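A.B. asks: Just one file: run-v1.cif, with mmCIF, C-alpha atoms.
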data_input
loop_
_atom_site.label_atom_id
_atom_site.label_comp_id
_atom_site.auth_asym_id
_atom_site.auth_seq_id
_atom_site.Cartn_x
_atom_site.Cartn_y
_atom_site.Cartn_z
CA MET G 1 -4.31 -24.06 16.21
CA ILE G 2 -1.60 -22.05 14.48
CA GLU G 3 -2.03 -21.27 10.79
CA ARG G 4 1.11 -20.42 8.84
CA ARG G 5 1.67 -18.83 5.45
CA THR G 6 4.99 -18.10 3.75
CA PHE G 7 5.67 -16.19 0.56
CA ARG G 8 8.27 -13.90 -0.97
CA ALA G 9 7.95 -10.12 -0.95
CA MET G 10 10.29 -7.16 -0.51
CA GLY G 11 13.24 -9.30 -1.55
CA THR G 12 12.91 -11.66 1.38
CA GLU G 13 10.91 -14.54 2.84
CA ILE G 14 7.76 -13.48 4.68
CA GLU G 15 6.17 -15.68 7.31
CA LEU G 16 2.72 -15.11 8.80
CA LEU G 17 1.64 -17.02 11.91
CA VAL G 18 -1.79 -16.66 13.47
CA GLU G 19 -3.34 -18.53 16.37
CA ALA G 20 -6.85 -18.96 15.03
CA ASP G 21 -9.07 -21.27 13.03
CA GLY G 22 -10.40 -20.10 9.69
CA ALA G 23 -7.97 -17.22 9.35
CA ALA G 24 -7.59 -17.63 5.58
CA GLY G 25 -9.18 -14.27 4.87
CA ALA G 26 -6.93 -12.42 7.31
CA LEU G 27 -3.84 -14.24 5.98
CA GLU G 28 -4.83 -13.32 2.42
CA ALA G 29 -5.34 -9.69 3.40
CA ALA G 30 -2.03 -9.55 5.29
CA GLU G 31 -0.16 -11.00 2.31
CA GLY G 32 -1.91 -8.50 0.05
CA GLU G 33 -0.75 -5.69 2.32
CA PHE G 34 2.88 -6.76 1.85
CA HIS G 35 2.53 -6.76 -1.93
CA ARG G 36 0.74 -3.41 -1.85
CA LEU G 37 3.46 -1.80 0.28
CA GLU G 38 6.23 -3.38 -1.82
CA ALA G 39 4.69 -1.78 -4.91
CA LEU G 40 4.91 1.59 -3.13
CA LEU G 41 8.21 1.37 -1.26
CA SER G 42 10.58 -0.69 -3.41
CA ARG G 43 13.52 1.15 -4.96
CA PHE G 44 13.88 -1.70 -7.46
CA ARG G 45 10.49 -1.12 -9.07
CA GLU G 46 10.50 1.62 -11.67
CA ASP G 47 6.86 2.46 -11.07
CA SER G 48 6.89 2.54 -7.26
CA GLU G 49 6.17 5.78 -5.46
CA LEU G 50 9.68 5.69 -3.99
CA SER G 51 11.30 5.28 -7.43
CA ARG G 52 9.28 8.20 -8.79
CA LEU G 53 10.32 10.30 -5.79
CA ASN G 54 13.98 9.37 -6.29
CA ARG G 55 13.72 10.10 -10.03
CA ASP G 56 11.84 13.40 -9.82
CA GLY G 57 13.13 14.76 -6.50
CA ALA G 58 9.62 15.66 -5.34
CA LEU G 59 6.30 13.89 -5.20
CA ALA G 60 2.76 14.27 -3.92
CA ALA G 61 2.90 10.96 -2.09
CA GLY G 62 0.34 8.67 -0.53
CA PRO G 63 0.03 8.25 3.25
CA ASP G 64 2.22 5.15 3.50
CA LEU G 65 5.29 6.57 1.76
CA ARG G 66 4.87 9.85 3.66
CA ARG G 67 4.67 8.03 6.97
CA VAL G 68 7.68 5.83 6.31
CA VAL G 69 9.75 8.82 5.18
CA GLU G 70 8.66 10.73 8.29
CA LEU G 71 9.64 7.80 10.50
CA ALA G 72 13.00 7.46 8.74
CA LEU G 73 13.80 11.17 9.01
CA ALA G 74 12.80 11.21 12.69
CA ALA G 75 15.04 8.18 13.24
CA ARG G 76 17.94 9.99 11.59
CA GLU G 77 17.54 12.82 14.09
CA ARG G 78 17.16 10.46 17.04
CA THR G 79 20.15 8.27 16.20
CA GLY G 80 22.45 11.17 15.41
CA GLY G 81 22.58 10.15 11.76
CA ARG G 82 23.50 6.49 12.27
CA PHE G 83 20.21 5.45 10.73
CA ASP G 84 19.90 7.46 7.53
CA PRO G 85 17.50 6.84 4.64
CA THR G 86 19.59 9.01 2.29
CA VAL G 87 22.31 6.35 1.93
CA HIS G 88 20.71 5.20 -1.35
CA ASN G 89 23.53 6.54 -3.53
CA ALA G 90 26.15 5.00 -1.26
CA LEU G 91 24.42 1.63 -1.49
CA VAL G 92 24.34 1.89 -5.28
CA ALA G 93 28.00 2.97 -5.32
CA ALA G 94 28.88 -0.10 -3.26
CA GLY G 95 27.19 -2.27 -5.86
CA TYR G 96 23.76 -2.81 -4.29
CA ASP G 97 22.00 -1.33 -7.29
CA ARG G 98 19.55 -4.15 -7.95
CA THR G 99 17.73 -6.78 -5.92
CA PHE G 100 20.00 -8.93 -3.84
CA GLU G 101 18.90 -12.05 -5.76
CA ASP G 102 20.33 -10.42 -8.90
CA ILE G 103 23.54 -9.42 -7.14
CA ALA G 104 24.00 -12.93 -5.78
CA SER G 105 23.59 -14.42 -9.26
CA GLU G 106 26.26 -12.20 -10.84
CA SER G 107 29.97 -12.80 -10.56
CA HIS G 108 30.93 -9.20 -11.27
CA VAL G 109 29.42 -6.41 -9.20
CA ARG G 110 29.64 -2.90 -10.58
CA CYS G 111 31.03 -0.52 -7.98
CA GLN G 112 31.75 3.18 -7.93
CA ALA G 113 33.57 5.54 -5.62
CA PRO G 114 31.95 5.84 -2.18
CA ASP G 115 29.20 8.43 -2.03
CA VAL G 116 28.96 10.47 1.17
CA ALA G 117 27.06 13.38 -0.37
CA LEU G 118 24.09 12.95 1.94
CA GLY G 119 21.42 15.61 1.88
CA ASP G 120 18.06 16.41 3.32
CA ALA G 121 14.49 15.43 2.65
CA ARG G 122 11.33 17.13 3.76
CA VAL G 123 7.70 16.11 4.14
CA ASP G 124 5.38 19.06 3.72
CA GLY G 125 1.74 18.08 3.84
CA THR G 126 1.27 15.49 1.13
CA ARG G 127 4.48 16.48 -0.65
CA ILE G 128 7.92 14.97 -0.17
CA GLU G 129 10.91 16.93 -1.43
CA LEU G 130 14.52 15.80 -1.71
CA ASP G 131 17.61 17.95 -1.96
CA PRO G 132 19.23 17.84 -5.42
CA GLY G 133 20.94 14.49 -5.97
CA VAL G 134 19.48 12.91 -2.83
CA ARG G 135 17.71 9.56 -3.12
CA LEU G 136 16.12 7.48 -0.41
CA ASP G 137 16.46 3.83 0.51
CA LEU G 138 13.66 2.55 2.73
CA GLY G 139 14.50 -1.15 2.54
CA GLY G 140 14.89 -1.99 6.21
CA ILE G 141 12.38 0.39 7.69
CA GLY G 142 9.93 -0.46 4.92
CA LYS G 143 9.98 -4.12 5.92
CA GLY G 144 9.41 -3.20 9.56
CA TYR G 145 6.54 -0.92 8.60
CA ALA G 146 4.98 -3.61 6.39
CA ALA G 147 5.33 -6.18 9.19
CA GLU G 148 3.47 -3.87 11.57
CA ARG G 149 0.71 -3.15 9.07
CA ALA G 150 0.29 -6.82 8.23
CA ALA G 151 0.24 -7.72 11.95
CA GLU G 152 -2.48 -5.16 12.48
CA ILE G 153 -4.59 -6.89 9.81
CA LEU G 154 -3.78 -10.39 11.02
CA ALA G 155 -4.60 -9.48 14.62
CA THR G 156 -8.26 -9.20 13.62
CA ALA G 157 -8.26 -13.01 13.38
CA GLY G 158 -6.27 -13.74 16.55
CA PRO G 159 -2.87 -13.52 18.24
CA CYS G 160 -0.25 -13.32 15.50
CA LEU G 161 3.37 -12.96 14.51
CA VAL G 162 4.67 -11.53 11.24
CA ASN G 163 8.27 -12.22 10.26
CA ALA G 164 9.51 -10.13 7.34
CA GLY G 165 12.95 -11.61 6.78
CA GLY G 166 13.98 -11.02 10.38
CA ASP G 167 11.82 -7.97 11.17
CA ILE G 168 9.16 -9.37 13.48
CA ALA G 169 5.90 -7.83 14.68
CA VAL G 170 3.82 -9.55 17.36
CA ARG G 171 0.24 -9.00 18.49
CA GLY G 172 -0.73 -11.16 21.47
CA GLY G 173 0.02 -14.80 22.19
CA ARG G 174 3.42 -16.18 23.16
CA TRP G 175 5.86 -16.72 20.35
CA PRO G 176 9.25 -18.40 20.77
CA VAL G 177 11.61 -16.73 18.33
CA GLY G 178 15.01 -18.18 17.52
CA VAL G 179 17.98 -15.81 17.55
CA GLU G 180 21.35 -16.75 16.05
CA THR G 181 24.16 -16.23 18.53
CA ALA G 182 27.86 -16.97 18.43
CA ALA G 183 27.43 -20.25 20.29
CA GLU G 184 24.29 -22.13 21.24
CA PRO G 185 20.88 -21.20 19.78
CA LEU G 186 18.86 -18.73 21.78
CA THR G 187 15.08 -18.56 22.01
CA LEU G 188 13.28 -15.40 23.03
CA GLU G 189 9.60 -15.55 23.93
CA LEU G 190 7.83 -12.49 22.62
CA SER G 191 4.23 -11.68 23.46
CA ARG G 192 4.06 -8.10 22.25
CA GLY G 193 6.25 -5.60 20.45
CA GLY G 194 8.71 -5.99 17.64
CA LEU G 195 12.10 -7.54 17.01
CA ALA G 196 14.67 -6.99 14.30
CA THR G 197 18.14 -8.18 13.42
CA SER G 198 20.75 -6.18 11.53
CA GLY G 199 24.13 -7.48 10.59
CA ARG G 200 26.84 -8.08 8.05
CA ASP G 201 26.50 -11.86 7.91
CA ARG G 202 23.96 -11.77 5.08
CA ARG G 203 23.30 -9.51 2.07
CA ARG G 204 27.02 -9.35 1.42
CA TRP G 205 29.20 -9.57 -1.65
CA ARG G 206 32.89 -9.31 -2.55
CA ARG G 207 34.74 -6.60 -4.44
CA ASN G 208 38.47 -6.61 -5.06
CA GLY G 209 38.95 -9.23 -2.38
CA ARG G 210 37.03 -7.16 0.16
CA ASP G 211 33.76 -8.20 1.77
CA LEU G 212 31.01 -5.62 1.39
CA HIS G 213 27.57 -5.59 2.96
CA HIS G 214 24.36 -3.58 2.87
CA LEU G 215 24.70 -1.62 6.11
CA ILE G 216 26.20 1.69 5.06
CA ASP G 217 27.92 3.96 7.56
CA PRO G 218 26.55 7.40 6.62
CA ARG G 219 29.76 9.03 7.87
CA THR G 220 31.94 7.24 5.31
CA GLY G 221 29.44 6.28 2.64
CA GLU G 222 30.85 2.76 2.73
CA PRO G 223 29.71 -0.51 4.30
CA ALA G 224 30.16 -0.10 8.04
CA GLU G 225 33.32 -1.46 9.63
CA THR G 226 32.48 -2.64 13.13
CA ASP G 227 33.45 -5.40 15.52
CA LEU G 228 29.83 -6.53 15.58
CA LEU G 229 28.59 -9.28 13.32
CA ARG G 230 24.92 -9.02 14.13
CA VAL G 231 22.55 -7.15 16.45
CA THR G 232 19.07 -8.26 17.51
CA VAL G 233 16.85 -5.71 19.24
CA ILE G 234 13.47 -6.03 20.91
CA ALA G 235 11.45 -2.81 20.82
CA PRO G 236 7.86 -1.57 21.05
CA ASP G 237 7.38 -2.29 17.35
CA ALA G 238 9.25 -3.68 14.36
CA VAL G 239 10.08 -0.23 12.95
CA GLU G 240 11.71 0.88 16.19
CA ALA G 241 13.52 -2.45 16.45
CA GLU G 242 14.91 -2.08 12.92
CA ILE G 243 16.10 1.46 13.59
CA ALA G 244 17.69 0.52 16.92
CA ALA G 245 19.36 -2.60 15.49
CA THR G 246 20.96 -0.63 12.65
CA SER G 247 22.02 2.17 14.99
CA LEU G 248 23.57 -0.19 17.55
CA PHE G 249 25.31 -2.20 14.83
CA LEU G 250 27.08 0.93 13.62
CA ALA G 251 28.02 1.89 17.19
CA GLY G 252 30.25 -1.13 17.77
CA ALA G 253 30.02 -3.69 20.57
CA ASP G 254 31.12 -1.72 23.63
CA ARG G 255 29.23 1.44 22.84
CA ALA G 256 26.17 -0.49 21.67
CA ALA G 257 26.02 -2.42 24.95
CA ARG G 258 26.32 0.81 26.96
CA GLU G 259 23.66 2.55 24.89
CA ALA G 260 21.27 -0.40 25.09
CA ASP G 261 21.72 -0.64 28.87
CA ALA G 262 21.22 3.10 29.30
CA ALA G 263 18.08 3.15 27.15
CA GLY G 264 16.72 -0.13 28.48
CA VAL G 265 16.56 -1.54 24.98
CA ALA G 266 16.76 -5.35 25.12
CA ALA G 267 19.43 -6.45 22.67
CA VAL G 268 21.57 -9.44 21.74
CA LEU G 269 24.93 -8.41 20.31
CA VAL G 270 27.03 -10.95 18.46
CA THR G 271 30.62 -9.91 17.81
CA GLY G 272 32.82 -10.92 14.93
CA ASP G 273 35.17 -12.74 17.30
CA GLY G 274 32.43 -15.01 18.60
CA ARG G 275 31.12 -13.33 21.73
CA THR G 276 27.43 -12.93 22.56
CA ILE G 277 26.50 -9.92 24.71
CA PHE G 278 23.11 -9.52 26.36
CA ALA G 279 22.18 -5.89 26.94
CA GLY G 280 19.28 -3.67 27.96
CA GLY G 281 18.07 -5.87 30.80
CA LEU G 282 17.93 -9.07 28.79
CA ALA G 283 19.41 -11.98 30.72
CA ARG G 284 20.50 -15.41 29.57
CA ALA G 285 18.21 -18.24 30.70
CA ALA G 286 19.32 -20.03 33.83
CA MET I 1 -97.40 34.18 -76.39
CA THR I 2 -97.71 34.49 -72.69
CA SER I 3 -98.10 30.80 -72.35
CA HIS I 4 -95.00 30.15 -74.53
CA THR I 5 -92.80 32.47 -72.51
CA GLY I 6 -94.14 30.99 -69.32
CA ARG I 7 -93.20 27.49 -70.45
CA LEU I 8 -89.62 28.68 -71.29
CA TYR I 9 -89.20 30.15 -67.82
CA ALA I 10 -90.59 27.02 -66.30
CA LEU I 11 -88.17 24.88 -68.33
CA ALA I 12 -85.20 27.05 -67.38
CA PHE I 13 -86.22 26.96 -63.70
CA ALA I 14 -86.63 23.19 -63.89
CA LEU I 15 -83.17 22.79 -65.43
CA VAL I 16 -81.57 24.97 -62.74
CA ALA I 17 -83.40 23.08 -60.02
CA PHE I 18 -82.34 19.74 -61.54
CA PHE I 19 -78.65 20.66 -61.68
CA LEU I 20 -78.71 22.09 -58.17
CA ALA I 21 -80.28 18.89 -56.91
CA TRP I 22 -77.69 16.88 -58.84
CA ALA I 23 -74.84 18.84 -57.33
CA VAL I 24 -76.25 18.42 -53.84
CA VAL I 25 -76.72 14.68 -54.28
CA ALA I 26 -73.22 14.31 -55.88
CA ALA I 27 -71.64 16.06 -52.86
CA HIS I 28 -72.82 13.29 -50.43
CA PRO I 29 -73.50 15.78 -47.62
CA TRP I 30 -74.76 12.93 -45.45
CA THR I 31 -71.30 11.25 -45.28
CA THR I 32 -68.29 12.45 -43.16
CA VAL I 33 -65.15 13.56 -44.95
CA ALA I 34 -62.56 10.68 -44.95
CA ARG I 35 -58.97 11.79 -43.87
CA ASP I 36 -55.82 10.68 -45.64
CA LYS I 37 -54.73 7.31 -44.17
CA ARG I 38 -51.02 8.27 -44.28
CA LEU I 39 -51.72 11.38 -42.19
CA GLN I 40 -53.64 9.27 -39.76
CA ALA I 41 -50.74 6.83 -39.48
CA LEU I 42 -48.29 9.66 -38.95
CA ALA I 43 -50.45 11.17 -36.25
CA ALA I 44 -50.71 7.83 -34.50
CA ARG I 45 -46.95 7.31 -34.74
CA GLU I 46 -46.31 10.77 -33.33
CA ALA I 47 -48.58 10.10 -30.40
CA GLN I 48 -46.87 6.78 -29.76
CA LEU I 49 -43.42 8.38 -29.89
CA ARG I 50 -44.46 11.12 -27.50
CA GLN I 51 -45.67 8.48 -25.08
CA GLU I 52 -42.47 6.47 -25.40
CA ALA I 53 -40.32 9.60 -24.98
CA LYS I 54 -42.18 10.39 -21.80
CA LEU I 55 -41.53 6.90 -20.47
CA VAL I 56 -37.83 7.04 -21.47
CA ASN I 57 -37.46 10.40 -19.72
CA GLN I 58 -38.98 8.93 -16.60
CA VAL I 59 -36.58 5.93 -16.70
CA VAL I 60 -33.55 8.20 -17.32
CA ALA I 61 -34.58 10.47 -14.47
CA GLN I 62 -34.94 7.49 -12.14
CA ARG I 63 -31.57 6.03 -13.17
CA TRP I 64 -29.86 9.41 -12.86
CA ALA I 65 -31.21 9.76 -9.35
CA VAL I 66 -29.96 6.26 -8.47
CA TYR I 67 -26.56 7.02 -10.06
CA ARG I 68 -26.23 10.29 -8.15
CA SER I 69 -27.14 8.56 -4.94
CA GLU I 70 -24.67 5.70 -5.51
CA LEU I 71 -21.95 8.14 -6.59
CA GLN I 72 -22.42 10.08 -3.37
CA LEU I 73 -22.24 6.86 -1.37
CA ARG I 74 -19.11 5.71 -3.25
CA ARG I 75 -17.42 9.06 -2.75
CA ALA I 76 -18.16 8.85 0.95
CA GLN I 77 -16.71 5.32 1.06
CA ILE I 78 -13.55 6.44 -0.79
CA ALA I 79 -13.13 9.40 1.55
CA ALA I 80 -13.61 7.13 4.57
CA ALA I 81 -11.08 4.62 3.21
CA LYS I 82 -8.56 7.39 2.60
CA THR I 83 -9.10 8.71 6.09
CA ARG I 84 -8.66 5.23 7.54
CA ALA I 85 -5.47 4.67 5.51
CA THR I 86 -4.05 8.01 6.61
CA GLN I 87 -4.95 7.39 10.23
CA ALA I 88 -3.55 3.86 10.10
CA ALA I 89 -0.33 5.11 8.54
CA ALA I 90 -0.03 7.90 11.07
CA SER I 91 -0.89 6.10 14.23
CA TYR I 92 -0.11 2.41 13.80
CA SER I 93 2.45 2.47 16.57
CA ALA I 94 0.40 4.62 18.89
CA SER I 95 -2.85 2.73 18.64
CA ALA I 96 -2.05 -0.85 17.76
CA ALA I 97 1.46 -1.61 18.90
CA PRO I 98 2.08 -1.88 22.62
CA ALA I 99 4.00 0.77 24.49
CA SER I 100 6.74 -1.61 25.57
CA PRO I 101 7.78 -5.03 24.36
CA SER I 102 7.39 -8.16 26.42
CA VAL I 103 10.30 -10.58 26.08
CA ARG I 104 12.10 -13.26 28.05
CA VAL I 105 14.67 -15.92 27.30
CA VAL I 106 13.20 -19.42 27.25
CA THR I 107 14.40 -22.90 26.44
CA LEU I 108 11.57 -23.76 24.07
CA PRO I 109 12.17 -24.69 20.44
CA PRO I 110 11.54 -21.64 18.26
CA LEU I 111 8.50 -21.31 16.01
CA THR I 112 10.33 -18.87 13.79
CA ILE I 113 13.82 -17.44 13.47
CA THR I 114 15.10 -13.90 13.10
CA ARG I 115 18.05 -13.37 10.80
CA THR I 116 19.77 -10.34 9.41
CA SER I 117 17.10 -8.57 7.40
#
Kindly present the structure from the file in C-alpha cells form.
C.D. replies:
Amino acid sequence: MIERRTFRAMGTEIELLVEADGAAGALEAAEGEFHRLEALLSRFREDSELSRLNRDGALAAGPDLRRVVELALAARERTGGRFDPTVHNALVAAGYDRTFEDIASESHVRCQAPDVALGDARVDGTRIELDPGVRLDLGGIGKGYAAERAAEILATAGPCLVNAGGDIAVRGGRWPVGVETAAEPLTLELSRGGLATSGRDRRRWRRNGRDLHHLIDPRTGEPAETDLLRVTVIAPDAVEAEIAATSLFLAGADRAAREADAAGVAAVLVTGDGRTIFAGGLARAA
Amino acid sequence: MTSHTGRLYALAFALVAFFLAWAVVAAHPWTTVARDKRLQALAAREAQLRQEAKLVNQVVAQRWAVYRSELQLRRAQIAAAKTRATQAAASYSASAAPASPSVRVVTLPPLTITRTS
C-alpha cells in the first residue's frame, strides 16, 4: 500500500510517497525535515542561515548549509560556471527578489540593470565566507538536497519517492514518473537515483514586453536565452540531477545532447520549437 | 557569772545554728536546678534544625549527582546528534544514494509528475 502526503515548503508543492503501512511517523519526520531545511536555506526568510550569510558576508554555519554550499561550489567548478550559486544578485536584478507567489500576485515587477559581478565563496571548516558584494542563491540545489534528506528518512519505513516541485529522490521500489514533453506524455520508471527538471516554462514573469525566467546565465547575468524549453535529467541523486539539468539547459539543445551522450547522463530535452530529444542512453519506448 | 556567760554563748550558738539550718532548708539542696524553658526550647529547635539541614544536604547531594549524571548523558546525546547530522550532511550521496540511477521508459500511468522546479 502506498501512503502519500503533500504539503507546501520551499516555495513549491512537496509530495511524499512511501510503500509501507503505518508510515505516519516517517512521513511526519520527512515533512519536518523539509521545514527545518527551508528555515536554514531560504533566501526569503530574514532569519535563515543563508540570509544571515548573505547579509553579513561570513558565518559560522551549521552542517547543512556548509554541505549545500560545498556542493554548489563544486558544481560550479564541474560545470565550468554554468551552475553558479552566486547568481543571487542577478536574480534580484531580474525581479526575483521575493517568493514566486508574491511575484505572481504583483502586476509590476521591480527590475534593475543586469548584475554579472559574480565573485567567490569559501568554506573553511565551519565558516563560510563570501567575497564583498557576493550573495548566494541555493533555491534549486537546496530543494534537491532536501529531497535527498527526506528520502533518507522516509526510506526507514519502506521504498519511497520524494518529489520537491520536480526534484525527485527515489529509494527502492518502482516509481512511474511523468515527464512533460513536446508531444505525448512520457513516463519514466525510476527505481533508484534522482531526477530533476529545469526550464523556462514556469517561474517566469514579464518585463517591458519581454519574458523573463529564473534560470540565470552567469555569463550575462540575465535569464538564459536558449533554444531549450525544458530539460529533465536522471542522475545518481536529486542534487546531481538538478545541477546537470541546469547546466544542460544553459548549454542549448545540440550541445546538451552531445554532452549528455558523452557523459552517459540520461536526459529528456524539450526544445522551444516542439522537439523532444532523448539523450544519454535513454530510448523512447517501443 | 560563769553560768550567765555560758547561757549567752549557748544562745548565740543556737541562733547561728538555727539560721544555718534555715538557710540550708531554704536552698532545697535535695531538688535539681530547673533550666529556663525558653532556653530548652531553643536548644531543641537548634537540634531539630541541624537534623533537617543534614537531611537537606543529603537530598541536595543526591540530586546534584543525578543532575551531573543526566547532564553528562545529555551532552553525549547532543554530541552524537551533531556528529550524525554532520555525517549525514557530508555523506548522504555516498552512503544512501545509489551510485547510478536506474531508469527506463514505460507506458504506465505516472504516480507523480516532474515539472520545472
A.B. asks: How far is it from CA of Arg45 (chain G) to CA of Ala58 (chain G), in Å with one decimal?
C.D. replies: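 CA of Ala58 (chain G) lies 17.2 Å from CA of Arg45 (chain G).
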A.B. asks: Would you mind listing, as a ChimeraX atom specification, all residues of chain G that have at least one atom within 7 Å of chain I, where only C-alpha atoms are what counts?
C.D. replies: /G:63-64,67,152,165-167,175-179,187-194,197-199,202,234-237,284-285
A.B. asks: Please, could you write that set of residues out with C-alpha atoms as an mmCIF file, keeping the file's coordinate frame?
C.D. replies:
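File produced: again-v3.cif:
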data_model
loop_
_atom_site.group_PDB
_atom_site.id
_atom_site.type_symbol
_atom_site.label_atom_id
_atom_site.label_comp_id
_atom_site.auth_asym_id
_atom_site.auth_seq_id
_atom_site.Cartn_x
_atom_site.Cartn_y
_atom_site.Cartn_z
ATOM 1 C CA PRO G 63 0.030 8.250 3.250
ATOM 2 C CA ASP G 64 2.220 5.150 3.500
ATOM 3 C CA ARG G 67 4.670 8.030 6.970
ATOM 4 C CA GLU G 152 -2.480 -5.160 12.480
ATOM 5 C CA GLY G 165 12.950 -11.610 6.780
ATOM 6 C CA GLY G 166 13.980 -11.020 10.380
ATOM 7 C CA ASP G 167 11.820 -7.970 11.170
ATOM 8 C CA TRP G 175 5.860 -16.720 20.350
ATOM 9 C CA PRO G 176 9.250 -18.400 20.770
ATOM 10 C CA VAL G 177 11.610 -16.730 18.330
ATOM 11 C CA GLY G 178 15.010 -18.180 17.520
ATOM 12 C CA VAL G 179 17.980 -15.810 17.550
ATOM 13 C CA THR G 187 15.080 -18.560 22.010
ATOM 14 C CA LEU G 188 13.280 -15.400 23.030
ATOM 15 C CA GLU G 189 9.600 -15.550 23.930
ATOM 16 C CA LEU G 190 7.830 -12.490 22.620
ATOM 17 C CA SER G 191 4.230 -11.680 23.460
ATOM 18 C CA ARG G 192 4.060 -8.100 22.250
ATOM 19 C CA GLY G 193 6.250 -5.600 20.450
ATOM 20 C CA GLY G 194 8.710 -5.990 17.640
ATOM 21 C CA THR G 197 18.140 -8.180 13.420
ATOM 22 C CA SER G 198 20.750 -6.180 11.530
ATOM 23 C CA GLY G 199 24.130 -7.480 10.590
ATOM 24 C CA ARG G 202 23.960 -11.770 5.080
ATOM 25 C CA ILE G 234 13.470 -6.030 20.910
ATOM 26 C CA ALA G 235 11.450 -2.810 20.820
ATOM 27 C CA PRO G 236 7.860 -1.570 21.050
ATOM 28 C CA ASP G 237 7.380 -2.290 17.350
ATOM 29 C CA ARG G 284 20.500 -15.410 29.570
ATOM 30 C CA ALA G 285 18.210 -18.240 30.700
#
A.B. asks: Could you jot down the CA of Thr6 (chain G) to CA of Glu31 (chain G) separation for me, Å, one decimal place?
C.D. replies: 8.9 Å
A.B. asks: CA of Glu49 (chain G) and CA of Gly25 (chain G) are how many Å apart?
C.D. replies: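 Interatomic distance here is 27.3 Å.
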